[in-house]
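Working notes, structure below.
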Amino acid sequence: MSENWKPNLVGFFCQWCSYLGADLAGINRMHYPPNLKIIRIPCSGRMDPQLILRAFLNGADGVLVSGCHPGDCHYREGNYYARRRLQVFRDLLDFMGFEPGRFIMTWISASESHDLVKVVTQFTEKISEMGPQKQLTLTLEGSS
Amino acid sequence: MKKLQEIGAELLKDKTVSGIWGYAVGTHPLVASPLYVDSLEAVEQLTFNPFCYHSLPNYLRDFRGQKTAVVLKRCDLAAVNLLLQEGQLIREDLYLLLLDGEKLIDHEKLALHLDLDKVDTWAIDKGHFVAGETRVPLEKVVFDKCGDCAYENLDNFDKLISLEHKVECPPPAVDFLVEYQKLSAKERWEEWEDHFGKCIQCFACRQVCPMCYCNECIADKEMPRFIPKSVGGKQNTVWQITRVMHLVGRCIDCGECERVCPAKIPLRRLTYKMRTIAKENYKYLPGGKDDQVMFWSSYDKKDPEDLIFHPEGK
């Protein structure tokens, strides 16, 4: 691990809650690590495990998915489907031995900018300790 | 008790069905091949033995709109249930012939006991597989998957067929996941890297799977290309994770993917684990009924959620 390595994190944020939470954090001039690249998704129910795999293949060190609290989904039940899908996906990754903790999910509403700052800070710290993700990142050599 | 051929001949004679999907003896005494029969002369070729692995529900989608009878094992009936549930088949088109509690014999296990090429005739006798001088107890050669069949109680078939020489034995007492689960996360991943390094992306696992029926598979899709086209350990891992994710709550544990894999990758480990998760965490048994809600299109407010990250100091 080179000394100036910084974690490269991808966040998939629901446009109705977490994305607005991040907006609010910006408006309030709150500070959180700049390592997280936020991608807006229409609902956490949009999250396809494929997108997470693609992020890891392209070198993401950690993936964070964030949606509305259970019961608060704009589409009523999207986050319940997301929870089931991603929970099973995480179980599969764990079973295969992918480093635990690289992929997490969280519930953040539009007003919880404090929580967002905490989540992003703690996630960044954790991934910084773990080091670069090499298990799925495609290198020029291609195969592992 | 009527034989398979007699039942088949009756069905064809009174025009209940226009054809029958079944099995015929293959090119070698220990091999069977799928067979479609639509005439009384050909019906004599129908047979069933413990080497009839092939998953016949795979062919039924091409026969929609004409009444077809099909010879099924328990796991195949579960596959038909799931295809009905997903709207891929029409129940009125089908005439389901279920074999009574038949178990299959694994070539690989058998090869440990005798030279398969030299077998001319074989028989099942009092819990043993007999070929020439060799007698092997059945529980040593039947598939693991047949040992813990989850579909003993399926009852939505049209006719139950009992065979004369049934493969009956106590279930093989091997829990194939025990050793694997003792490994640490790192060792497990390294093992999979080894296995998937051998994968050549022939997609046999997809072609043989009764539940993989998409006209355009995500692996063939461009724009966006989710499964990298190049072959390599990581790319192959992504392909298998994708395939297994598509089979959660749908895999009926026929074990065909593992059997056909030319690289001998233990694929059933993954699908079996996902079945266990669906069963234990979500109380879901795929293919148990033909009218249950699909696993992915249902949720429970009390679903487990230990992946949810709670920040410290909240």
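Ordered as shown in the structure tokens, chains take letters A, B, and onward, while each chain numbers its residues from 1 and ligands are numbered from 1 in the order shown.
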* Determine which residues of chain A sit within 8 Å of chain B, taking into account only C-alpha atoms, and present them as a VMD selection string. => chain A and resid 49 to 51 53 to 54 57 80 to 81 83 to 85 87 to 90 92 94 to 99 104 to 107 115 118 to 119 122 135 to 138 142 to 144
* Which of region 36-135 of chain B fall in helix (DSSP H, G or I), as JSON, numbers by chain -> {"B": [42, 43, 44, 45, 57, 58, 59, 60, 61, 62, 63, 74, 75, 76, 77, 78, 79, 80, 81, 82, 83, 84, 85, 91, 92, 93, 107, 108, 109, 110, 111, 116, 117, 118]}
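By chain and then residue number, the residues within 6 Å of Ile41 (chain A) are Phe13, Cys14, Gln15 and Cys43 of chain A, counting only C-alpha atoms and disregarding those fewer than 2 positions away in sequence.
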Quick one: everything within 12 Å of Asn81 (chain B), counting only C-alpha atoms, minus sequence neighbours fewer than 3 positions away in the same chain. Send it as a short mmCIF file (atom, residue, chain, number, x, y, z; two decimals) with N, CA, C and O atoms, in the first residue's frame.
```cif
data_model
loop_
_atom_site.label_atom_id
_atom_site.label_comp_id
_atom_site.auth_asym_id
_atom_site.auth_seq_id
_atom_site.Cartn_x
_atom_site.Cartn_y
_atom_site.Cartn_z
N PRO B 57 -37.73 -30.33 -17.82
CA PRO B 57 -38.51 -29.09 -17.89
C PRO B 57 -37.88 -28.05 -18.80
O PRO B 57 -38.56 -27.18 -19.33
N LEU B 72 -40.85 -37.03 -14.96
CA LEU B 72 -40.18 -36.13 -14.03
C LEU B 72 -39.65 -36.84 -12.81
O LEU B 72 -40.25 -37.79 -12.32
N ARG B 74 -38.40 -35.84 -8.77
CA ARG B 74 -38.96 -34.89 -7.79
C ARG B 74 -38.45 -33.47 -8.02
O ARG B 74 -39.22 -32.51 -7.99
N CYS B 75 -37.13 -33.34 -8.26
CA CYS B 75 -36.58 -31.99 -8.43
C CYS B 75 -37.10 -31.37 -9.72
O CYS B 75 -37.31 -30.16 -9.80
N ASP B 76 -37.34 -32.20 -10.74
CA ASP B 76 -37.88 -31.67 -11.99
C ASP B 76 -39.30 -31.16 -11.81
O ASP B 76 -39.69 -30.16 -12.40
N LEU B 77 -40.06 -31.87 -10.97
CA LEU B 77 -41.43 -31.41 -10.71
C LEU B 77 -41.39 -30.04 -10.02
O LEU B 77 -42.20 -29.16 -10.31
N ALA B 78 -40.43 -29.87 -9.11
CA ALA B 78 -40.28 -28.57 -8.46
C ALA B 78 -39.94 -27.51 -9.51
O ALA B 78 -40.44 -26.38 -9.45
N LEU B 84 -44.21 -22.73 -13.81
CA LEU B 84 -45.63 -22.38 -13.81
C LEU B 84 -45.85 -21.08 -13.05
O LEU B 84 -46.55 -20.17 -13.50
N GLN B 85 -45.17 -21.00 -11.90
CA GLN B 85 -45.29 -19.83 -11.04
C GLN B 85 -44.81 -18.57 -11.76
O GLN B 85 -45.35 -17.49 -11.60
N GLU B 86 -43.79 -18.73 -12.60
CA GLU B 86 -43.23 -17.58 -13.31
C GLU B 86 -43.91 -17.35 -14.66
O GLU B 86 -43.46 -16.53 -15.44
N GLY B 87 -44.96 -18.12 -14.93
CA GLY B 87 -45.72 -17.90 -16.15
C GLY B 87 -45.03 -18.41 -17.40
O GLY B 87 -45.35 -17.98 -18.51
N GLN B 88 -44.08 -19.30 -17.27
CA GLN B 88 -43.36 -19.81 -18.43
C GLN B 88 -44.05 -21.02 -19.05
O GLN B 88 -43.82 -21.34 -20.20
N LEU B 89 -44.86 -21.71 -18.26
CA LEU B 89 -45.57 -22.88 -18.77
C LEU B 89 -47.05 -22.73 -18.43
O LEU B 89 -47.43 -21.93 -17.58
N ILE B 90 -47.86 -23.52 -19.12
CA ILE B 90 -49.30 -23.51 -18.86
C ILE B 90 -49.66 -24.90 -18.34
O ILE B 90 -49.34 -25.90 -18.99
N ARG B 91 -50.30 -24.97 -17.19
CA ARG B 91 -50.57 -26.26 -16.56
C ARG B 91 -51.43 -27.15 -17.46
O ARG B 91 -51.24 -28.35 -17.51
N LEU B 94 -49.77 -29.55 -19.86
CA LEU B 94 -48.82 -30.54 -19.36
C LEU B 94 -49.54 -31.76 -18.79
O LEU B 94 -50.64 -31.66 -18.25
N LEU B 96 -48.15 -34.51 -16.20
CA LEU B 96 -46.93 -34.74 -15.42
C LEU B 96 -46.88 -36.16 -14.89
O LEU B 96 -47.76 -36.60 -14.15
N TYR B 151 -38.27 -32.27 -1.71
CA TYR B 151 -39.55 -32.29 -2.43
C TYR B 151 -40.26 -33.63 -2.35
O TYR B 151 -40.94 -34.04 -3.27
N LEU B 154 -44.35 -33.35 -2.78
CA LEU B 154 -45.05 -32.68 -3.87
C LEU B 154 -46.20 -33.57 -4.36
O LEU B 154 -46.04 -34.78 -4.49
N ASP B 155 -47.35 -32.97 -4.64
CA ASP B 155 -48.47 -33.83 -5.02
C ASP B 155 -49.27 -33.30 -6.21
O ASP B 155 -50.36 -33.77 -6.48
N ASN B 156 -48.74 -32.34 -6.96
CA ASN B 156 -49.54 -31.82 -8.07
C ASN B 156 -49.17 -32.46 -9.39
O ASN B 156 -49.08 -31.81 -10.42
N PHE B 157 -48.92 -33.78 -9.37
CA PHE B 157 -48.63 -34.50 -10.61
C PHE B 157 -49.92 -35.15 -11.11
O PHE B 157 -50.94 -35.17 -10.42
N PRO B 210 -32.65 -25.46 -15.50
CA PRO B 210 -34.04 -25.31 -15.90
C PRO B 210 -34.60 -23.93 -15.56
O PRO B 210 -35.62 -23.52 -16.11
N MET B 211 -33.95 -23.22 -14.65
CA MET B 211 -34.47 -21.91 -14.27
C MET B 211 -33.86 -20.77 -15.08
O MET B 211 -34.31 -19.64 -14.97
N ARG B 250 -34.91 -19.59 -6.29
CA ARG B 250 -35.41 -20.21 -7.52
C ARG B 250 -34.72 -21.54 -7.77
O ARG B 250 -35.26 -22.40 -8.45
N CYS B 251 -33.51 -21.68 -7.24
CA CYS B 251 -32.77 -22.92 -7.49
C CYS B 251 -33.49 -24.09 -6.83
O CYS B 251 -33.84 -24.02 -5.66
N ILE B 252 -33.73 -25.16 -7.61
CA ILE B 252 -34.43 -26.30 -7.05
C ILE B 252 -33.45 -27.43 -6.75
O ILE B 252 -33.84 -28.54 -6.51
N LEU B 285 -39.21 -21.99 0.42
CA LEU B 285 -38.78 -23.18 -0.31
C LEU B 285 -39.22 -23.04 -1.76
O LEU B 285 -40.40 -23.14 -2.06
N PRO B 286 -38.28 -22.81 -2.69
CA PRO B 286 -38.68 -22.63 -4.09
C PRO B 286 -39.28 -23.91 -4.67
O PRO B 286 -38.79 -25.00 -4.40
N GLY B 287 -40.36 -23.75 -5.45
CA GLY B 287 -40.94 -24.90 -6.14
C GLY B 287 -41.78 -25.80 -5.27
O GLY B 287 -42.26 -26.82 -5.71
N GLY B 288 -42.00 -25.42 -4.02
CA GLY B 288 -42.80 -26.25 -3.15
C GLY B 288 -44.26 -26.27 -3.56
O GLY B 288 -44.94 -27.27 -3.46
N LYS B 289 -44.74 -25.11 -4.05
CA LYS B 289 -46.11 -25.01 -4.53
C LYS B 289 -46.06 -24.28 -5.87
O LYS B 289 -45.08 -23.63 -6.18
N ASP B 290 -47.13 -24.37 -6.67
CA ASP B 290 -47.07 -23.64 -7.93
C ASP B 290 -47.77 -22.29 -7.84
O ASP B 290 -47.95 -21.61 -8.82
N ASP B 291 -48.20 -21.89 -6.63
CA ASP B 291 -48.91 -20.61 -6.55
C ASP B 291 -48.33 -19.69 -5.48
O ASP B 291 -48.98 -18.76 -5.06
N GLN B 292 -47.08 -19.96 -5.02
CA GLN B 292 -46.56 -19.04 -4.01
C GLN B 292 -45.96 -17.79 -4.65
O GLN B 292 -45.67 -17.77 -5.84
N VAL B 293 -45.79 -16.75 -3.85
CA VAL B 293 -45.24 -15.49 -4.36
C VAL B 293 -43.75 -15.68 -4.58
O VAL B 293 -43.08 -16.38 -3.84
N MET B 294 -43.22 -15.03 -5.64
CA MET B 294 -41.81 -15.18 -5.92
C MET B 294 -40.96 -14.59 -4.80
O MET B 294 -41.35 -13.62 -4.16
#
```
* To do: Give me the residues within 10 Å of region 1-11 of chain B as number ranges by chain, counting only C-alpha atoms and dropping any in the same chain fewer than 2 places off.
  => B: 13-22, 37-48, 68-71, 95, 97, 99, 159, 161-164
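Residues lying within 7 Å of region 101-118 of chain B, counting only C-alpha atoms and ignoring same-chain neighbours fewer than 2 positions away, are Pro50, Phe51, Lys73, Leu99, Asp120, Val141, Val142, Phe143, Cys146, Lys166 and Val167 of chain B.
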* How would you write, as number ranges by chain, the set of residues in chain A that DSSP gives as strand (DSSP E)? -> A: 9-14, 36-41, 62-67, 103-107
* Structure fact -> Computed gap from CA of Gly249 (chain B) to CA of Cys68 (chain A) is 25.4 Å
* Calculate how many Å separate CA of Asp125 (chain B) from CA of Ala32 (chain B), rounding to one decimal. =>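 According to the coordinates, CA of Asp125 (chain B) and CA of Ala32 (chain B) are separated by 19.9 Å.
Restricting the calculation to only C-alpha atoms, the smallest distance between Ala82 (chain A) and any of A:Pro70, A:Gly45, A:Gly131, A:Gly11 is found for A:Gly45.
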* CA of Lys37 (chain A) and CA of Leu9 (chain A) are how many Å apart? ->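 Calculated distance between CA of Lys37 (chain A) and CA of Leu9 (chain A) is 6.1 Å.
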